[in-house]
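Peer 1: For reference, the file data.txt (compact mmCIF, C-alpha atoms and all ligand atoms) is included below:
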```txt
# COMPACT_ATOMS: atom_id res chain seq x y z
CA MET A 1 77.22 28.95 315.95
CA THR A 2 76.73 27.93 312.34
CA THR A 3 73.47 28.98 310.83
CA THR A 4 72.55 27.08 307.72
CA TRP A 5 69.73 28.35 305.64
CA PRO A 6 68.01 25.46 303.93
CA LYS A 7 65.91 27.12 301.30
CA PRO A 8 62.38 25.75 301.58
CA ALA A 9 59.86 25.52 298.78
CA ALA A 10 58.24 28.66 300.11
CA GLY A 11 60.02 31.64 301.55
CA SER A 12 63.49 32.85 300.83
CA TRP A 13 67.09 32.83 302.07
CA THR A 14 66.54 36.27 303.54
CA GLU A 15 63.28 35.50 305.32
CA HIS A 16 65.04 32.69 307.16
CA HIS A 17 67.25 35.29 308.82
CA PRO A 18 64.71 37.58 310.44
CA GLU A 19 67.32 39.84 312.06
CA LEU A 20 68.32 41.02 308.59
CA GLY A 21 64.85 42.17 307.62
CA THR A 22 63.76 42.46 304.00
CA GLY A 23 63.47 46.23 303.68
CA PRO A 24 65.72 48.58 301.72
CA ILE A 25 69.21 49.24 303.14
CA SER A 26 71.43 52.32 303.24
CA PHE A 27 74.91 52.64 301.76
CA ASP A 28 75.74 55.78 303.73
CA ASP A 29 78.34 53.55 305.44
CA CYS A 30 80.32 53.83 302.16
CA THR A 31 80.33 57.62 301.95
CA SER A 32 80.48 58.87 305.55
CA ALA A 33 83.87 60.04 306.85
CA GLU A 34 82.64 59.59 310.45
CA PHE A 35 81.69 56.00 309.77
CA TYR A 36 85.08 55.38 308.15
CA ALA A 37 86.82 56.64 311.30
CA GLN A 38 84.71 54.24 313.36
CA GLU A 39 85.59 51.34 311.07
CA ARG A 40 89.24 52.12 311.80
CA ASP A 41 88.86 51.86 315.56
CA ARG A 42 86.10 49.31 315.92
CA ILE A 43 86.85 46.92 313.04
CA PHE A 44 90.39 47.16 311.69
CA LYS A 45 91.97 47.66 315.11
CA ARG A 46 89.94 44.80 316.60
CA ALA A 47 89.44 42.03 314.04
CA TRP A 48 91.95 39.39 313.02
CA LEU A 49 93.38 40.46 309.66
CA ASN A 50 95.01 38.10 307.18
CA ILE A 51 98.09 39.80 305.77
CA ALA A 52 100.21 37.00 304.29
CA ARG A 53 100.74 33.26 303.75
CA VAL A 54 103.49 31.19 305.34
CA GLU A 55 105.02 30.65 301.87
CA ASP A 56 105.73 34.39 301.77
CA LEU A 57 108.31 33.83 304.55
CA PRO A 58 110.12 30.69 303.43
CA ARG A 59 113.12 30.54 305.80
CA PRO A 60 114.59 31.97 309.03
CA GLY A 61 115.37 35.64 308.39
CA SER A 62 112.59 36.04 305.76
CA TYR A 63 110.66 39.23 306.42
CA LEU A 64 107.96 41.37 304.85
CA THR A 65 106.19 44.58 305.74
CA LYS A 66 102.46 45.23 305.47
CA GLU A 67 101.03 48.72 305.38
CA ILE A 68 97.54 48.82 306.89
CA GLU A 69 96.58 52.43 306.15
CA ILE A 70 93.16 52.31 307.74
CA ALA A 71 94.62 51.17 311.05
CA LYS A 72 97.55 53.61 310.64
CA ALA A 73 99.81 50.62 311.13
CA SER A 74 102.90 49.21 309.48
CA VAL A 75 103.50 45.60 310.48
CA LEU A 76 106.78 43.73 310.16
CA LEU A 77 106.55 39.93 309.86
CA ILE A 78 109.76 37.97 310.44
CA ARG A 79 110.52 34.27 310.56
CA ASP A 80 112.85 33.91 313.55
CA ARG A 81 115.80 31.55 314.03
CA ASP A 82 113.51 28.78 315.32
CA GLY A 83 111.25 29.11 312.28
CA GLU A 84 108.43 30.81 314.21
CA ILE A 85 106.67 33.72 312.54
CA ARG A 86 106.64 36.89 314.63
CA ALA A 87 104.87 40.20 314.06
CA PHE A 88 106.03 43.62 315.25
CA HIS A 89 105.13 47.23 314.74
CA ASN A 90 107.57 48.49 312.12
CA VAL A 91 108.76 51.35 314.35
CA CYS A 92 112.22 51.93 315.82
CA ARG A 93 112.37 52.24 319.60
CA HIS A 94 114.90 55.07 319.45
CA ARG A 95 113.16 58.02 317.80
CA GLY A 96 110.31 56.32 316.04
CA ASN A 97 111.69 55.99 312.54
CA LYS A 98 110.05 53.44 310.26
CA LEU A 99 112.41 50.54 310.63
CA VAL A 100 112.18 48.45 307.46
CA TRP A 101 111.60 50.02 304.07
CA ASN A 102 113.27 50.40 300.70
CA GLU A 103 113.31 53.55 298.58
CA ASP A 104 109.75 54.64 299.51
CA PRO A 105 108.92 54.54 303.24
CA ARG A 106 105.20 54.11 302.46
CA ALA A 107 105.73 51.10 300.18
CA GLU A 108 105.77 47.48 301.31
CA THR A 109 108.93 45.44 300.99
CA GLN A 110 110.24 41.96 301.64
CA GLY A 111 113.51 40.06 301.71
CA THR A 112 115.85 38.09 303.94
CA CYS A 113 118.05 39.42 306.72
CA ARG A 114 120.14 38.33 309.72
CA GLN A 115 119.11 41.30 311.79
CA VAL A 116 117.20 44.55 311.34
CA THR A 117 119.12 47.82 311.34
CA CYS A 118 117.47 51.24 311.58
CA LYS A 119 118.53 53.60 308.80
CA TYR A 120 118.58 56.62 311.10
CA HIS A 121 121.10 55.98 313.93
CA GLY A 122 121.89 52.32 313.31
CA TRP A 123 120.14 50.61 316.22
CA ARG A 124 119.88 46.88 315.56
CA TYR A 125 117.32 44.24 316.44
CA ASP A 126 117.60 40.47 316.13
CA LEU A 127 115.06 38.17 314.45
CA GLU A 128 113.26 37.78 317.79
CA GLY A 129 112.81 41.57 318.01
CA GLN A 130 115.35 42.12 320.81
CA LEU A 131 117.41 45.30 320.72
CA THR A 132 120.99 44.07 320.30
CA PHE A 133 123.06 47.11 319.40
CA VAL A 134 122.96 50.80 320.27
CA GLN A 135 125.53 53.15 318.78
CA GLN A 136 127.50 54.87 321.63
CA ASP A 137 125.29 53.30 324.24
CA SER A 138 127.36 54.75 327.11
CA GLU A 139 126.00 58.19 326.18
CA PHE A 140 122.46 57.16 327.09
CA PHE A 141 120.91 57.37 330.54
CA ASP A 142 119.81 54.13 332.17
CA LEU A 143 119.06 52.56 328.81
CA ASP A 144 117.94 48.98 329.35
CA LYS A 145 118.16 47.16 326.02
CA GLU A 146 116.07 44.31 327.44
CA THR A 147 112.99 46.51 327.60
CA ARG A 148 113.50 48.32 324.29
CA GLY A 149 112.80 45.48 321.87
CA LEU A 150 110.37 45.87 318.98
CA VAL A 151 106.73 46.24 319.98
CA PRO A 152 105.00 42.92 319.24
CA VAL A 153 101.70 42.56 317.38
CA HIS A 154 99.40 39.60 318.14
CA THR A 155 99.75 37.04 315.39
CA ASP A 156 98.48 33.54 314.69
CA ILE A 157 98.30 31.15 311.75
CA TRP A 158 95.36 29.19 310.37
CA ASN A 159 96.05 26.69 307.58
CA GLY A 160 99.09 28.71 306.50
CA PHE A 161 97.24 32.06 306.48
CA ILE A 162 99.05 34.54 308.75
CA PHE A 163 96.72 36.80 310.71
CA VAL A 164 97.51 39.76 312.95
CA ASN A 165 95.36 41.53 315.49
CA LEU A 166 96.13 45.16 316.36
CA ASP A 167 94.07 45.25 319.54
CA ASP A 168 95.90 45.50 322.87
CA GLU A 169 94.23 42.25 323.87
CA PRO A 170 92.22 40.39 321.19
CA ARG A 171 88.68 39.62 322.33
CA GLN A 172 88.79 36.17 320.76
CA ASP A 173 91.60 33.88 319.72
CA LEU A 174 91.92 33.30 315.99
CA ARG A 175 90.10 29.95 315.78
CA GLU A 176 87.26 31.21 317.91
CA PHE A 177 87.02 34.29 315.69
CA LEU A 178 86.97 32.16 312.53
CA GLY A 179 84.25 29.90 313.90
CA PRO A 180 83.06 26.48 312.75
CA MET A 181 82.18 27.31 309.15
CA LEU A 182 85.71 28.49 308.32
CA THR A 183 87.55 25.99 310.50
CA GLY A 184 85.53 23.40 308.56
CA LEU A 185 88.13 24.06 305.84
CA ASP A 186 90.87 22.58 308.07
CA GLY A 187 92.82 20.03 306.10
CA TYR A 188 92.25 21.61 302.69
CA PRO A 189 95.66 21.35 300.95
CA PHE A 190 96.39 25.08 300.79
CA ASP A 191 100.07 24.21 301.39
CA ARG A 192 100.21 22.36 298.08
CA LEU A 193 98.84 25.27 296.05
CA THR A 194 101.98 27.37 295.97
CA GLU A 195 102.18 28.63 292.39
CA ARG A 196 100.89 32.15 292.89
CA TYR A 197 99.88 35.03 290.66
CA ASP A 198 99.49 38.24 292.68
CA PHE A 199 97.87 41.50 291.60
CA VAL A 200 97.30 44.88 293.21
CA ALA A 201 94.70 47.38 291.99
CA HIS A 202 93.86 50.81 293.42
CA ASN A 203 90.12 51.31 293.11
CA ASN A 204 87.90 54.37 293.38
CA SER A 205 85.30 52.85 295.62
CA ASN A 206 84.70 52.14 299.28
CA TRP A 207 86.20 48.77 300.26
CA LYS A 208 82.77 47.31 301.06
CA LEU A 209 81.38 48.04 297.60
CA PHE A 210 83.96 45.78 295.96
CA ALA A 211 83.34 43.05 298.54
CA ASP A 212 79.60 43.36 297.79
CA ALA A 213 80.22 42.69 294.10
CA PHE A 214 81.82 39.35 294.95
CA GLN A 215 79.19 38.13 297.36
CA GLU A 216 76.32 38.07 294.90
CA TYR A 217 76.05 36.72 291.37
CA TYR A 218 72.92 38.70 290.56
CA HIS A 219 75.08 41.22 288.63
CA VAL A 220 76.71 38.58 286.45
CA PRO A 221 74.24 38.38 283.52
CA ALA A 222 74.35 42.18 283.09
CA LEU A 223 77.97 43.00 283.82
CA HIS A 224 79.67 39.84 282.57
CA PRO A 225 77.22 38.55 279.94
CA GLN A 226 79.84 36.47 278.17
CA GLN A 227 80.14 34.43 281.35
CA VAL A 228 76.54 33.29 281.48
CA PRO A 229 75.37 30.97 278.74
CA PRO A 230 71.77 29.82 279.02
CA ALA A 231 72.88 26.41 280.30
CA VAL A 232 73.92 27.79 283.69
CA ARG A 233 70.71 29.74 284.21
CA ASN A 234 67.77 28.28 285.98
CA PRO A 235 65.02 28.76 283.38
CA ASP A 236 62.42 29.71 286.00
CA ALA A 237 64.47 31.87 288.29
CA GLY A 238 67.28 33.43 286.26
CA PHE A 239 70.80 33.02 287.58
CA THR A 240 70.58 31.79 291.15
CA CYS A 241 73.13 30.52 293.64
CA ALA A 242 72.88 27.07 295.13
CA HIS A 243 73.67 27.87 298.76
CA PHE A 244 74.09 30.80 301.12
CA GLN A 245 75.27 30.49 304.72
CA CYS A 246 76.41 32.77 307.51
CA ASP A 247 78.43 32.03 310.61
CA GLY A 248 78.98 34.93 312.99
CA PRO A 249 80.44 37.78 310.93
CA HIS A 250 81.50 35.48 308.08
CA ARG A 251 79.58 34.30 305.01
CA VAL A 252 79.72 31.83 302.13
CA VAL A 253 77.95 31.51 298.81
CA SER A 254 78.30 28.36 296.71
CA THR A 255 77.46 27.94 293.06
CA ALA A 256 76.64 24.86 291.06
CA GLY A 257 76.61 24.38 287.35
CA PRO A 258 77.88 22.29 284.51
CA ARG A 259 81.61 22.07 283.98
CA ARG A 260 83.09 24.60 281.63
CA TRP A 261 83.92 22.18 278.86
CA THR A 262 80.28 21.19 278.49
CA LEU A 263 79.27 24.76 277.73
CA ASP A 264 78.53 26.51 274.50
CA PRO A 265 81.83 27.69 272.98
CA ALA A 266 80.14 30.94 271.97
CA TYR A 267 80.50 31.98 275.61
CA MET A 268 84.28 31.65 275.75
CA TYR A 269 87.27 33.43 274.40
CA PRO A 270 89.10 31.45 271.70
CA ILE A 271 92.11 31.20 274.00
CA GLU A 272 89.96 29.42 276.60
CA ARG A 273 89.00 26.74 274.11
CA ALA A 274 92.57 26.46 272.89
CA THR A 275 94.15 26.15 276.33
CA ARG A 276 91.26 24.49 278.19
CA SER A 277 91.49 27.12 280.90
CA GLY A 278 89.88 30.46 281.66
CA LEU A 279 87.73 32.27 284.15
CA VAL A 280 86.98 29.27 286.31
CA GLY A 281 90.56 28.05 286.06
CA PRO A 282 92.06 25.03 284.34
CA TRP A 283 89.37 22.58 283.16
CA GLU A 284 91.36 19.60 284.38
CA ALA A 285 91.60 19.35 288.18
CA PRO A 286 94.79 18.10 289.85
CA ASP A 287 94.36 15.22 292.29
CA LEU A 288 94.43 16.91 295.68
CA GLY A 289 93.37 13.80 297.62
CA ASN A 290 90.65 14.07 300.22
CA ILE A 291 89.02 17.47 300.35
CA PRO A 292 87.20 18.40 303.57
CA GLN A 293 83.40 18.52 303.41
CA GLY A 294 83.58 22.10 304.68
CA VAL A 295 84.47 23.44 301.23
CA ASN A 296 80.91 22.70 300.15
CA PRO A 297 78.97 23.35 303.36
CA GLY A 298 75.60 23.23 301.61
CA GLY A 299 76.33 19.83 300.08
CA VAL A 300 75.57 21.31 296.66
CA GLU A 301 75.35 18.72 293.92
CA SER A 302 77.71 19.35 291.00
CA TRP A 303 79.38 21.90 293.23
CA GLY A 304 81.44 24.54 291.40
CA ILE A 305 82.79 27.30 293.65
CA SER A 306 82.51 28.29 297.31
CA ASN A 307 83.17 31.90 298.03
CA PHE A 308 83.99 32.43 301.72
CA GLN A 309 84.02 35.99 303.06
CA ILE A 310 86.24 36.13 306.11
CA PHE A 311 85.29 39.22 308.10
CA PRO A 312 86.24 41.96 307.63
CA ASN A 313 88.15 42.18 304.36
CA VAL A 314 89.17 38.79 302.98
CA GLU A 315 87.50 36.62 300.41
CA LEU A 316 88.60 33.06 299.75
CA LEU A 317 87.17 31.36 296.67
CA ILE A 318 87.73 27.63 296.44
CA TYR A 319 87.14 26.01 293.06
CA SER A 320 86.08 22.42 292.50
CA THR A 321 88.88 22.29 289.92
CA GLY A 322 91.55 22.34 292.64
CA TRP A 323 92.76 25.92 293.06
CA TYR A 324 91.82 29.01 295.03
CA LEU A 325 91.59 32.77 294.75
CA LEU A 326 92.23 35.17 297.60
CA TYR A 327 91.06 38.78 297.68
CA ARG A 328 91.87 41.35 300.32
CA TYR A 329 90.25 44.80 300.38
CA TRP A 330 92.41 47.39 302.17
CA PRO A 331 90.63 50.71 302.71
CA THR A 332 92.80 53.73 301.87
CA SER A 333 90.11 56.41 302.35
CA VAL A 334 86.32 56.42 302.59
CA GLY A 335 86.07 56.40 298.78
CA THR A 336 89.13 54.34 297.78
CA HIS A 337 90.72 51.01 298.54
CA ARG A 338 93.56 48.82 297.53
CA PHE A 339 92.58 45.42 296.16
CA ASP A 340 95.04 42.54 296.48
CA GLY A 341 94.15 39.54 294.34
CA SER A 342 96.00 36.25 294.36
CA LEU A 343 95.49 33.04 292.39
CA ALA A 344 97.04 29.87 293.82
CA PHE A 345 97.57 26.64 291.87
CA HIS A 346 99.57 23.47 292.39
CA PRO A 347 103.08 23.95 290.91
CA ALA A 348 102.87 23.27 287.17
CA ARG A 349 104.41 19.95 286.15
CA THR A 350 104.23 20.58 282.41
CA VAL A 351 104.33 23.55 280.08
CA ARG A 352 100.65 22.93 279.33
CA GLU A 353 99.76 23.30 283.03
CA ARG A 354 101.80 26.48 283.28
CA VAL A 355 99.92 27.93 280.30
CA GLU A 356 96.58 26.90 281.86
CA HIS A 357 97.51 28.79 285.04
CA GLU A 358 98.64 31.90 283.21
CA VAL A 359 95.50 32.00 281.05
CA ALA A 360 93.34 31.69 284.18
CA ALA A 361 95.25 34.60 285.76
CA VAL A 362 94.86 36.85 282.73
CA VAL A 363 91.14 36.11 282.28
CA PHE A 364 90.57 36.69 286.00
CA LYS A 365 92.17 40.14 285.72
CA GLU A 366 89.85 41.04 282.86
CA PHE A 367 86.72 40.14 284.82
CA ALA A 368 87.92 41.83 288.01
CA LEU A 369 88.53 45.01 286.00
CA GLN A 370 84.94 44.91 284.73
CA ASP A 371 83.78 45.05 288.36
CA ALA A 372 86.42 47.54 289.54
CA GLY A 373 85.80 49.95 286.68
CA MET A 374 82.07 50.06 287.26
CA LEU A 375 82.26 50.47 291.04
CA GLY A 376 83.96 53.86 290.66
CA GLY A 377 80.60 54.84 289.20
CA THR A 378 78.70 53.39 292.15
CA GLN A 379 80.87 55.33 294.61
CA ALA A 380 80.50 58.59 292.67
CA ALA A 381 76.72 58.23 292.46
CA LEU A 382 76.34 57.31 296.15
CA GLU A 383 78.38 60.39 297.05
CA THR A 384 75.80 62.63 295.37
CA GLY A 385 73.64 61.81 298.39
CA VAL A 386 70.47 61.78 296.31
CA LEU A 387 69.37 58.37 297.58
CA HIS A 388 69.66 56.82 301.02
CA GLU A 389 67.84 53.50 300.70
CA PHE A 390 68.12 50.70 298.21
CA PRO A 391 66.12 47.50 297.68
CA LEU A 392 68.01 44.19 297.75
CA SER A 393 66.89 40.90 296.22
CA ASP A 394 67.09 37.51 297.85
CA GLN A 395 70.22 36.80 295.78
CA GLU A 396 71.85 39.77 297.53
CA VAL A 397 71.24 38.43 301.03
CA LEU A 398 74.97 38.41 301.84
CA VAL A 399 75.27 42.10 301.00
CA ARG A 400 72.55 42.70 303.57
CA HIS A 401 74.38 40.54 306.12
CA PHE A 402 77.78 42.18 305.50
CA HIS A 403 76.57 45.75 306.03
CA LYS A 404 74.65 44.68 309.13
CA VAL A 405 77.74 42.99 310.62
CA VAL A 406 79.88 46.04 309.88
CA ALA A 407 77.29 48.26 311.61
CA ASP A 408 77.11 45.86 314.56
CA TRP A 409 80.90 45.92 315.05
CA VAL A 410 81.00 49.70 314.75
CA ALA A 411 78.28 49.95 317.41
CA LEU A 412 80.18 47.73 319.89
CA PRO A 413 81.72 49.77 322.71
S1 LIG A 501 115.29 56.25 315.09
FE1 LIG A 501 116.07 54.28 314.79
S2 LIG A 501 118.10 54.40 315.47
FE2 LIG A 501 117.36 56.38 315.80
FE FE A 502 81.66 40.53 288.96
```
Once more with this new file: its structure as structure tokens, please.
Ligand code: FES
Ligand SMILES: [Fe+2]
Peer 2:
Amino acid sequence: MTTTWPKPAAGSWTEHHPELGTGPISFDDCTSAEFYAQERDRIFKRAWLNIARVEDLPRPGSYLTKEIEIAKASVLLIRDRDGEIRAFHNVCRHRGNKLVWNEDPRAETQGTCRQVTCKYHGWRYDLEGQLTFVQQDSEFFDLDKETRGLVPVHTDIWNGFIFVNLDDEPRQDLREFLGPMLTGLDGYPFDRLTERYDFVAHNNSNWKLFADAFQEYYHVPALHPQQVPPAVRNPDAGFTCAHFQCDGPHRVVSTAGPRRWTLDPAYMYPIERATRSGLVGPWEAPDLGNIPQGVNPGGVESWGISNFQIFPNVELLIYSTGWYLLYRYWPTSVGTHRFDGSLAFHPARTVRERVEHEVAAVVFKEFALQDAGMLGGTQAALETGVLHEFPLSDQEVLVRHFHKVVADWVALP
């Protein structure tokens, strides 16, 4: 069920969600090894996880591997001969060797193939995962190739985003899991935004701490002061967001504000003025046709960005200027995670557009580093164990919701 939180004249976003409370919260869930082990079993082995886009597998035989350390899983995605995308555990049925890898068995890889051959004893599998060839098969005992195909992983696609579910039997199908707020994005032209800039960063903080930094804008005036000219601040209330909403385990925050080009040039890098692009992307929006209402679920006037957090570890930021950002936080230990960031634009039609996209990508990296660098400090300080409760403002309501949902999932039998 979608819960909208119309902010009344009195009261607050948080008070309209009584189950969240308004008291201080604990971040022990970011430093406890026991809790991390529970997140593995109760969250990452149960939730639908987005690991790729359909464009990453352009034709039959395209494959890629995804290492999901926290779930102790390596997943192989393949587009089969009929064009369907299939997911398997990346493990050979003979003696358990990792099937697809290049140079470093722990590193991800991708490419195109006609079949998959194990490096160890040469067993082969077709694009549908069937075992097709066994070296000296007459030496085996009652070996039935039919039953020794690759072990499938549940997979499904929503608007071109490929999800997998590592549970034996998923508790919900993908659309049910995503719920009405996210499926309200159906029809957004993600398939037209195929010019991608991908980054990976290894960060010294718990995966949830980085997600927290992107679900509130309360930190922006202090950490990214050059981003906040007086014109975007509400003079009475400081920097506030226009809309918060939760739907099941997922969340969104939307911002409003004047367009970039109306702002004081003192708050931009010279290259932003020169290229008419920067942190919020190219100033000129491409014509993407009809955009579903769901991108701005609060109906915010002069809508700027909606930042959807897809539980557990994906963030999808849709910009009014016709592009999107995708973040994925992959835990690698209780105090570290791997951050995948991706910017997606329409394919540039001119050199100017290409430059706009590249400038947006570079400026994005700079701001993400400001967050990533500081959060190593948050993790280190939380690990001292001096403090166990922390006050949150109304602008941090989604942080409160996220940690509650994580705790709720961990508590589920
Ligand atoms: S482990 Fe793969 S063929 Fe032997
Ligand atoms: Fe930030």
Peer 1: Might you pull out every residue within 10 Å of region 166-177 of chain A, with only C-alpha atoms counted and same-chain residues fewer than 6 positions away left off, and present them as an MDAnalysis selection string?
Peer 2: chainID A and resid 41:49 71 73 75 89 152:158 183 248:250 310:311
Peer 1: Taking all atoms listed in the file and a cut-off of 12 Å, can you tell me which residues surround ligand FE 502 (chain A), written as an NGL selection string?
Peer 2: :A and (209-228 or 279 or 364-375)
Peer 1: Find the spatial neighbours of Ala285 (chain A), counting all atoms listed in the file, within a cut-off of 8 Å - ignore same-chain residues fewer than 5 positions away - and output them as a ChimeraX atom specification.
Peer 2: /A:320-322
Peer 1: As lines of an AutoDock Vina configuration file, what would the box around ligand LIG 501 (chain A) look like: edges along x, y and z, 5 Å added on every side, centre and edge lengths in Å to one decimal?
Peer 2:
```
center_x = 116.7
center_y = 55.3
center_z = 315.3
size_x = 12.8
size_y = 12.1
size_z = 11.0
```
Peer 1: Please, which residues have at least one atom within 12 Å of an atom of ligand LIG 501 (chain A), using only C-alpha atoms and all ligand atoms, listed as JSON, numbers by chain?
Peer 2: {"A": [90, 91, 92, 93, 94, 95, 96, 97, 98, 99, 100, 116, 117, 118, 119, 120, 121, 122, 123, 124, 125, 131, 132, 133, 134, 135, 136, 137, 148, 149, 150]}
